[in-house]
>>> print(open('upload-v2.txt').read())   # compact mmCIF, C-alpha atoms and all ligand atoms
# COMPACT_ATOMS: atom_id res chain seq x y z
CA MET B 1 58.84 -46.04 86.41
CA LYS B 2 58.66 -49.62 85.11
CA LYS B 3 61.92 -49.06 83.29
CA ILE B 4 63.59 -47.90 86.50
CA VAL B 5 62.33 -50.90 88.46
CA THR B 6 63.55 -53.27 85.75
CA ALA B 7 66.95 -51.61 85.73
CA ALA B 8 67.16 -51.92 89.52
CA VAL B 9 66.27 -55.61 89.39
CA VAL B 10 68.89 -56.24 86.73
CA ALA B 11 71.47 -54.31 88.75
CA ALA B 12 70.64 -56.36 91.85
CA ALA B 13 70.94 -59.59 89.88
CA VAL B 14 74.29 -58.55 88.48
CA LEU B 15 75.47 -57.63 91.97
CA LEU B 16 74.31 -60.97 93.35
CA ALA B 17 76.06 -62.83 90.57
CA ALA B 18 79.22 -60.80 91.19
CA CYS B 19 79.15 -61.79 94.86
CA GLY B 20 79.82 -65.40 94.01
CA LYS B 21 78.27 -67.37 96.81
CA GLU B 22 74.74 -66.58 97.78
CA GLY B 23 74.32 -64.55 100.93
CA THR B 24 77.69 -62.80 100.61
CA PRO B 25 77.09 -59.12 101.32
CA PRO B 26 77.82 -56.74 98.43
CA PRO B 27 81.17 -54.96 98.71
CA LYS B 28 81.08 -52.02 101.09
CA GLY B 29 81.32 -48.59 99.58
CA PRO B 30 79.78 -45.16 99.64
CA GLN B 31 76.00 -45.49 99.46
CA PRO B 32 74.84 -42.78 97.05
CA SER B 33 71.36 -42.60 98.60
CA ALA B 34 72.75 -41.40 101.94
CA LEU B 35 74.92 -38.66 100.46
CA PRO B 36 73.91 -35.07 101.14
CA SER B 37 73.21 -32.66 98.31
CA TYR B 38 74.71 -29.21 98.48
CA ARG B 39 72.95 -25.92 97.83
CA VAL B 40 74.63 -24.26 94.89
CA GLU B 41 75.40 -20.59 95.56
CA SER B 42 76.00 -18.00 92.85
CA GLY B 43 79.64 -17.52 93.79
CA ALA B 44 79.39 -14.07 92.20
CA GLY B 45 80.77 -12.35 95.29
CA ILE B 46 84.08 -14.16 94.94
CA THR B 47 86.21 -11.91 92.74
CA GLY B 48 89.90 -11.64 91.97
CA SER B 49 90.71 -15.35 91.69
CA SER B 50 92.45 -16.09 88.40
CA THR B 51 91.78 -19.82 88.92
CA LEU B 52 88.03 -19.24 89.34
CA ASP B 53 87.89 -16.80 86.45
CA ALA B 54 89.42 -19.42 84.17
CA ALA B 55 86.98 -22.07 85.44
CA ARG B 56 84.04 -19.74 84.86
CA SER B 57 84.98 -19.09 81.27
CA ARG B 58 85.69 -22.80 80.73
CA GLY B 59 82.27 -23.54 82.16
CA HIS B 60 83.41 -26.14 84.69
CA LEU B 61 85.91 -26.83 87.45
CA VAL B 62 88.75 -29.31 87.06
CA VAL B 63 89.48 -30.99 90.39
CA GLY B 64 92.40 -33.33 91.07
CA ALA B 65 91.65 -36.49 93.07
CA LYS B 66 92.61 -40.10 93.73
CA GLU B 67 90.79 -42.94 92.00
CA ASP B 68 91.85 -46.03 93.95
CA GLN B 69 91.35 -45.16 97.63
CA PRO B 70 88.21 -46.83 99.06
CA TYR B 71 85.87 -44.51 101.05
CA LEU B 72 88.01 -41.50 100.06
CA GLY B 73 88.42 -41.18 96.31
CA GLN B 74 87.38 -43.98 94.01
CA LYS B 75 86.53 -44.05 90.34
CA ASN B 76 83.90 -46.48 89.12
CA PRO B 77 85.52 -48.02 86.04
CA ALA B 78 82.13 -48.68 84.42
CA THR B 79 80.62 -45.21 84.83
CA GLY B 80 83.71 -43.04 85.28
CA GLN B 81 82.06 -41.54 88.39
CA TYR B 82 84.19 -40.62 91.41
CA SER B 83 82.98 -41.18 94.97
CA GLY B 84 84.21 -40.98 98.56
CA PHE B 85 84.81 -38.48 101.34
CA ASP B 86 87.37 -36.40 99.43
CA ILE B 87 85.02 -36.27 96.46
CA GLU B 88 82.21 -35.00 98.71
CA ILE B 89 84.53 -32.34 100.12
CA ALA B 90 85.34 -31.28 96.55
CA LYS B 91 81.62 -31.09 95.70
CA MET B 92 80.52 -29.19 98.82
CA VAL B 93 83.11 -26.46 98.36
CA ALA B 94 82.42 -26.28 94.61
CA ALA B 95 78.76 -25.52 95.43
CA ASP B 96 79.83 -22.39 97.33
CA LEU B 97 81.98 -21.30 94.41
CA GLY B 98 78.93 -21.53 92.13
CA PHE B 99 79.52 -24.95 90.56
CA ALA B 100 77.02 -27.81 90.76
CA PRO B 101 78.46 -31.36 90.93
CA ASP B 102 77.79 -31.91 87.21
CA ARG B 103 80.11 -28.99 86.51
CA ILE B 104 83.14 -30.68 88.11
CA GLU B 105 85.51 -32.71 86.01
CA PHE B 106 87.60 -34.95 88.25
CA ARG B 107 91.10 -35.82 87.15
CA THR B 108 93.24 -38.51 88.78
CA ILE B 109 96.61 -37.21 89.95
CA ALA B 110 99.11 -39.44 91.81
CA SER B 111 100.74 -38.33 95.07
CA ALA B 112 104.06 -37.49 93.41
CA ASN B 113 102.44 -35.25 90.77
CA ARG B 114 100.17 -33.03 92.86
CA GLU B 115 102.40 -29.99 93.22
CA THR B 116 103.25 -29.92 89.50
CA ALA B 117 99.58 -30.35 88.54
CA LEU B 118 98.63 -27.34 90.68
CA GLN B 119 101.59 -25.29 89.49
CA ASN B 120 100.86 -25.98 85.81
CA GLY B 121 97.15 -25.26 86.10
CA GLN B 122 96.21 -28.85 85.19
CA VAL B 123 93.71 -28.74 88.07
CA ASP B 124 91.94 -25.83 89.80
CA TYR B 125 92.19 -27.47 93.19
CA TYR B 126 93.07 -30.89 94.58
CA VAL B 127 91.24 -33.02 97.13
CA GLY B 128 92.93 -36.37 97.77
CA THR B 129 94.37 -37.24 101.20
CA TYR B 130 96.77 -34.34 100.74
CA THR B 131 98.78 -33.55 103.87
CA ILE B 132 99.42 -29.89 104.63
CA ASN B 133 103.06 -29.22 105.47
CA ASP B 134 105.61 -26.42 105.25
CA ASN B 135 107.63 -27.95 102.42
CA ARG B 136 104.57 -28.25 100.22
CA LYS B 137 103.41 -24.76 101.20
CA LYS B 138 106.46 -23.42 99.37
CA LEU B 139 104.98 -24.84 96.16
CA VAL B 140 101.18 -24.81 96.60
CA GLY B 141 98.49 -23.34 98.84
CA PHE B 142 96.25 -25.23 101.26
CA ALA B 143 92.73 -24.61 102.49
CA GLY B 144 91.71 -26.53 105.58
CA PRO B 145 92.55 -28.82 107.26
CA TYR B 146 89.25 -30.67 106.89
CA TYR B 147 90.35 -33.98 108.47
CA LEU B 148 93.20 -35.32 110.61
CA ALA B 149 94.71 -38.73 109.69
CA GLY B 150 97.88 -40.48 110.86
CA GLN B 151 100.44 -42.86 109.39
CA SER B 152 99.93 -46.57 110.02
CA LEU B 153 100.80 -50.02 108.63
CA LEU B 154 98.95 -52.63 106.58
CA VAL B 155 100.22 -56.22 106.69
CA ARG B 156 99.00 -59.71 105.78
CA ARG B 157 96.55 -61.04 108.34
CA ASN B 158 98.73 -64.06 109.18
CA ASP B 159 101.87 -61.98 109.79
CA ALA B 160 102.58 -61.60 113.51
CA THR B 161 106.09 -60.13 113.05
CA ILE B 162 105.10 -56.53 112.25
CA ASN B 163 103.19 -54.63 114.91
CA GLY B 164 104.59 -51.13 114.56
CA PRO B 165 107.18 -49.11 112.64
CA GLU B 166 110.03 -50.34 114.87
CA ASP B 167 109.47 -53.85 113.45
CA LEU B 168 110.26 -52.76 109.89
CA ASP B 169 114.05 -53.37 109.94
CA GLY B 170 114.94 -55.49 106.91
CA LYS B 171 111.29 -55.69 105.81
CA LYS B 172 110.08 -54.67 102.37
CA VAL B 173 107.82 -51.68 102.93
CA CYS B 174 105.82 -50.13 100.13
CA SER B 175 104.39 -46.62 99.88
CA ALA B 176 103.54 -44.04 97.22
CA ALA B 177 106.47 -42.05 95.91
CA GLY B 178 106.30 -38.39 96.88
CA SER B 179 104.05 -39.02 99.88
CA THR B 180 104.78 -37.94 103.44
CA PRO B 181 104.63 -41.57 104.74
CA TYR B 182 107.27 -42.56 102.16
CA GLN B 183 109.49 -39.69 103.28
CA ARG B 184 109.02 -40.56 106.96
CA ILE B 185 110.13 -44.18 106.50
CA GLN B 186 113.15 -43.00 104.52
CA LYS B 187 114.17 -40.59 107.27
CA ASP B 188 113.11 -42.24 110.55
CA TYR B 189 113.28 -45.98 109.68
CA PRO B 190 116.28 -46.22 107.33
CA LYS B 191 116.71 -49.96 107.95
CA ALA B 192 113.41 -50.72 106.23
CA ARG B 193 113.69 -51.74 102.58
CA LEU B 194 111.53 -49.01 101.11
CA ILE B 195 109.79 -49.45 97.76
CA GLY B 196 107.94 -46.60 96.04
CA TYR B 197 105.08 -47.03 93.58
CA ASP B 198 102.73 -44.54 91.96
CA SER B 199 99.73 -45.66 93.96
CA TYR B 200 98.87 -47.45 97.19
CA SER B 201 96.70 -49.95 95.32
CA ALA B 202 99.83 -51.17 93.49
CA CYS B 203 101.50 -51.60 96.90
CA VAL B 204 98.47 -53.54 98.19
CA ASP B 205 98.53 -55.91 95.19
CA ASN B 206 102.18 -56.62 95.99
CA LEU B 207 101.38 -57.17 99.66
CA ILE B 208 98.71 -59.75 98.86
CA THR B 209 101.12 -61.65 96.58
CA SER B 210 103.90 -61.43 99.23
CA GLN B 211 106.19 -59.30 97.07
CA VAL B 212 106.32 -56.78 99.93
CA ASP B 213 105.80 -57.21 103.70
CA ALA B 214 103.94 -54.03 104.57
CA VAL B 215 102.21 -51.03 103.04
CA THR B 216 102.45 -47.73 104.87
CA THR B 217 100.38 -44.58 104.53
CA ASP B 218 97.50 -42.84 106.33
CA ASN B 219 95.23 -45.01 108.48
CA THR B 220 92.19 -43.76 106.54
CA ILE B 221 93.52 -45.21 103.28
CA LEU B 222 94.75 -48.48 104.82
CA MET B 223 91.44 -49.14 106.59
CA GLY B 224 89.70 -48.97 103.22
CA TYR B 225 91.94 -51.63 101.70
CA ALA B 226 91.70 -53.86 104.78
CA ALA B 227 87.89 -53.62 104.73
CA LYS B 228 87.85 -54.94 101.16
CA VAL B 229 89.72 -58.17 102.01
CA PRO B 230 89.54 -58.54 105.81
CA ASP B 231 90.50 -62.23 105.58
CA GLU B 232 93.82 -61.31 104.02
CA LEU B 233 94.89 -57.94 105.41
CA LYS B 234 94.97 -56.04 108.71
CA VAL B 235 95.97 -52.57 109.89
CA VAL B 236 98.44 -52.76 112.81
CA GLY B 237 100.23 -50.55 115.32
CA PRO B 238 99.80 -46.99 116.52
CA LEU B 239 99.40 -43.89 114.38
CA PHE B 240 102.95 -42.54 114.12
CA SER B 241 102.37 -39.16 112.48
CA GLN B 242 99.79 -36.43 112.05
CA GLU B 243 98.47 -35.94 108.53
CA PRO B 244 96.14 -32.94 108.34
CA TYR B 245 94.27 -33.07 105.03
CA GLY B 246 94.02 -29.86 103.04
CA ILE B 247 92.59 -28.77 99.71
CA GLY B 248 95.56 -28.00 97.48
CA THR B 249 95.40 -24.77 95.47
CA PRO B 250 97.66 -22.79 93.19
CA ARG B 251 100.05 -21.10 95.63
CA ASN B 252 99.38 -17.46 94.84
CA ASP B 253 95.60 -17.61 94.50
CA THR B 254 94.83 -16.39 98.01
CA VAL B 255 91.27 -15.45 97.01
CA LEU B 256 90.52 -19.05 96.06
CA ARG B 257 92.17 -20.31 99.27
CA GLY B 258 90.08 -17.91 101.37
CA ALA B 259 86.87 -18.89 99.55
CA LEU B 260 87.61 -22.59 100.08
CA ASN B 261 88.23 -22.00 103.79
CA ASP B 262 84.91 -20.14 104.03
CA ALA B 263 83.20 -23.00 102.21
CA LEU B 264 84.69 -25.65 104.50
CA ALA B 265 83.66 -23.67 107.59
CA HIS B 266 80.14 -23.25 106.18
CA HIS B 267 79.63 -26.97 105.48
CA GLU B 268 81.16 -28.06 108.79
CA GLU B 269 78.70 -25.76 110.54
CA ASN B 270 75.56 -26.70 108.61
CA GLY B 271 76.05 -30.47 109.06
CA ASP B 272 77.02 -31.35 105.48
CA TRP B 273 80.57 -32.34 106.48
CA ARG B 274 79.25 -34.78 109.06
CA LYS B 275 76.64 -36.27 106.70
CA ALA B 276 79.26 -36.69 103.99
CA TYR B 277 81.62 -38.38 106.44
CA ASP B 278 78.93 -40.77 107.71
CA ALA B 279 78.05 -41.78 104.14
CA THR B 280 81.67 -42.41 103.07
CA LEU B 281 84.71 -42.69 105.35
CA GLY B 282 82.43 -43.45 108.31
CA LEU B 283 81.60 -46.78 106.64
CA SER B 284 85.07 -47.98 107.62
CA GLY B 285 83.77 -48.08 111.20
CA VAL B 286 85.25 -44.96 112.80
CA PRO B 287 82.59 -42.53 114.10
CA ALA B 288 82.74 -38.94 112.82
CA PRO B 289 85.32 -36.88 114.70
CA THR B 290 85.09 -33.13 115.17
CA PRO B 291 86.82 -31.57 112.16
CA PRO B 292 90.12 -29.87 113.05
CA PRO B 293 90.23 -26.06 113.24
CA ILE B 294 90.80 -24.34 109.90
CA ASP B 295 94.20 -22.70 109.60
CA ARG B 296 93.92 -19.41 107.72
CA TYR B 297 97.61 -18.71 107.30
N1 LIG B 301 98.58 -37.84 103.35
C1 LIG B 301 99.82 -38.31 102.82
C2 LIG B 301 100.40 -37.39 101.78
O1 LIG B 301 99.80 -36.43 101.44
C3 LIG B 301 99.68 -39.71 102.24
C4 LIG B 301 98.51 -39.95 101.35
C5 LIG B 301 98.76 -39.62 99.91
O2 LIG B 301 99.84 -39.92 99.38
O3 LIG B 301 97.86 -39.07 99.30
O4 LIG B 301 101.50 -37.57 101.32
>>> encode(input="upload-v2.txt", output="C-alpha cells")
Amino acid sequence: MKKIVTAAVVAAAVLLAACGKEGTPPPKGPQPSALPSYRVESGAGITGSSTLDAARSRGHLVVGAKEDQPYLGQKNPATGQYSGFDIEIAKMVAADLGFAPDRIEFRTIASANRETALQNGQVDYYVGTYTINDNRKKLVGFAGPYYLAGQSLLVRRNDATINGPEDLDGKKVCSAAGSTPYQRIQKDYPKARLIGYDSYSACVDNLITSQVDAVTTDNTILMGYAAKVPDELKVVGPLFSQEPYGIGTPRNDTVLRGALNDALAHHEENGDWRKAYDATLGLSGVPAPTPPPIDRY
C-alpha cells in the first residue's frame, strides 16, 4: 500500500511539474477511474467466423485504432496504452466475443490504410472514427453505427475570416488523406487549396504554425484538439456532413459483423455505452446523445 501511495505522490509531483505554472489544471483526458469495466462472456456460441477463429488460436485480438485523436483514440507514449471512446467501444465488444481488455493488441492504422489493413488481415476489426459509407462497404464490412459525427472546421482563434466551408476559397485546408472530409472538400469546395497528410495531428501542427489556414474533419476529432490549446484554436461553423461511425470488419465475415452488432446493442442497452461516453468523449463538453440505430444490412 505504501508503495502505491508513494508512486501516486511521485506521479502527482511529475504532473504538477509538467503543468509549468502552479495552479494550471492538468491536461484534460479520459479519467481511467471513471471508465466502466465490461463483463467478459465466453463467446463460445459465436461460430463460423474465420476472423474470430484465427484470433482464438492466436490467443488475442488485434484491433486497429487511431493514436493521436484526443478523447477518441490516443496512445500514451510512455506506457503504450490506448484510451478514448473508440478504444472503449473496442473493449466492450471484445468482452462479448470472449476477450478481456488485456487480450487486445491495438495497432495504429491511418485513415488511408484502413481498408487494406482489414483486407489483408492485419487487424481483426477497426475502431477509429470510421465513417460507414457505400464506397467503403464494397471493400470492408461495418457493424454499427455506434455514434453520429459531422464534418466541421478548426481554425486559429484569432482568425475571423473562416466561419464555414463557403469561406474556404483560396485557403489552405488540411485533412487526412483517404478520409471522407478530404474527399468532400475535393468534390464540393474545389476552390480550397487542399493538403492531405497521414494524420490530423500533423494538420493541427501546421495550423498552429500558420502553414495551413484550416483543418477539416469530424467535429468530435476537432473538439479534442481545440480543447488541448483553447487559447490558440477554435472549432467554427455548422456541421456540413453526417459521419456515422462503424466498426470496420473483413467484408465477408458476416458472423463477426453480426456478433459485433449484437455486442453494440447489448452495451447500449445495459448502460456501458453511456458510461464510456461520459468518461471519454463527453469530457469535450457535449452531453451523451442517444446512439443511432444499428443498421444490420
Ligand atoms: N470519419 C471520417 C472518415 O472516416 C474522418 C475521420 C477519420 O479519418 O478517421 O473518413
>>> residues_near_point(input="upload-v2.txt", point="(89.9, -25.8, 113.8)", cutoff="12 Å", atoms="all atoms listed in the file", output="PyMOL selection string")
chain B and resi 143-148+244+261+264-265+268-269+290-296
>>> closest_residue(input="upload-v2.txt", among="B:Ala177, B:Val229, B:Val255, B:Ala288", to="ligand LIG 301 (chain B)", atoms="only C-alpha atoms and all ligand atoms")
B:Ala177
>>> residues_around(input="upload-v2.txt", residues="stretch 189-205 of chain B", least_positions_apart="2", cutoff="10 Å", atoms="only C-alpha atoms", output="NGL selection string")
:B and (66-70 or 109-113 or 154-156 or 165-179 or 182-187 or 207-217 or 221-222 or 225-226 or 233)
>>> atom_distance(input="upload-v2.txt", atom1="atom CA of B:Ala94", atom2="atom CA of B:Ala34")
19.4 Å
>>> residues_around(input="upload-v2.txt", residues="B:Ala44", least_positions_apart="2", cutoff="10 Å", atoms="all atoms listed in the file", output="list in words")
Glu41, Ser42, Ile46, Thr47, Asp96, Leu97 and Gly98 of chain B
>>> residues_around(input="upload-v2.txt", residues="B:Lys91", least_positions_apart="2", cutoff="12 Å", atoms="all atoms listed in the file", output="count of residues only")
44
>>> atom_distance(input="upload-v2.txt", atom1="atom CA of B:Thr180", atom2="atom CA of B:Pro238")
16.7 Å
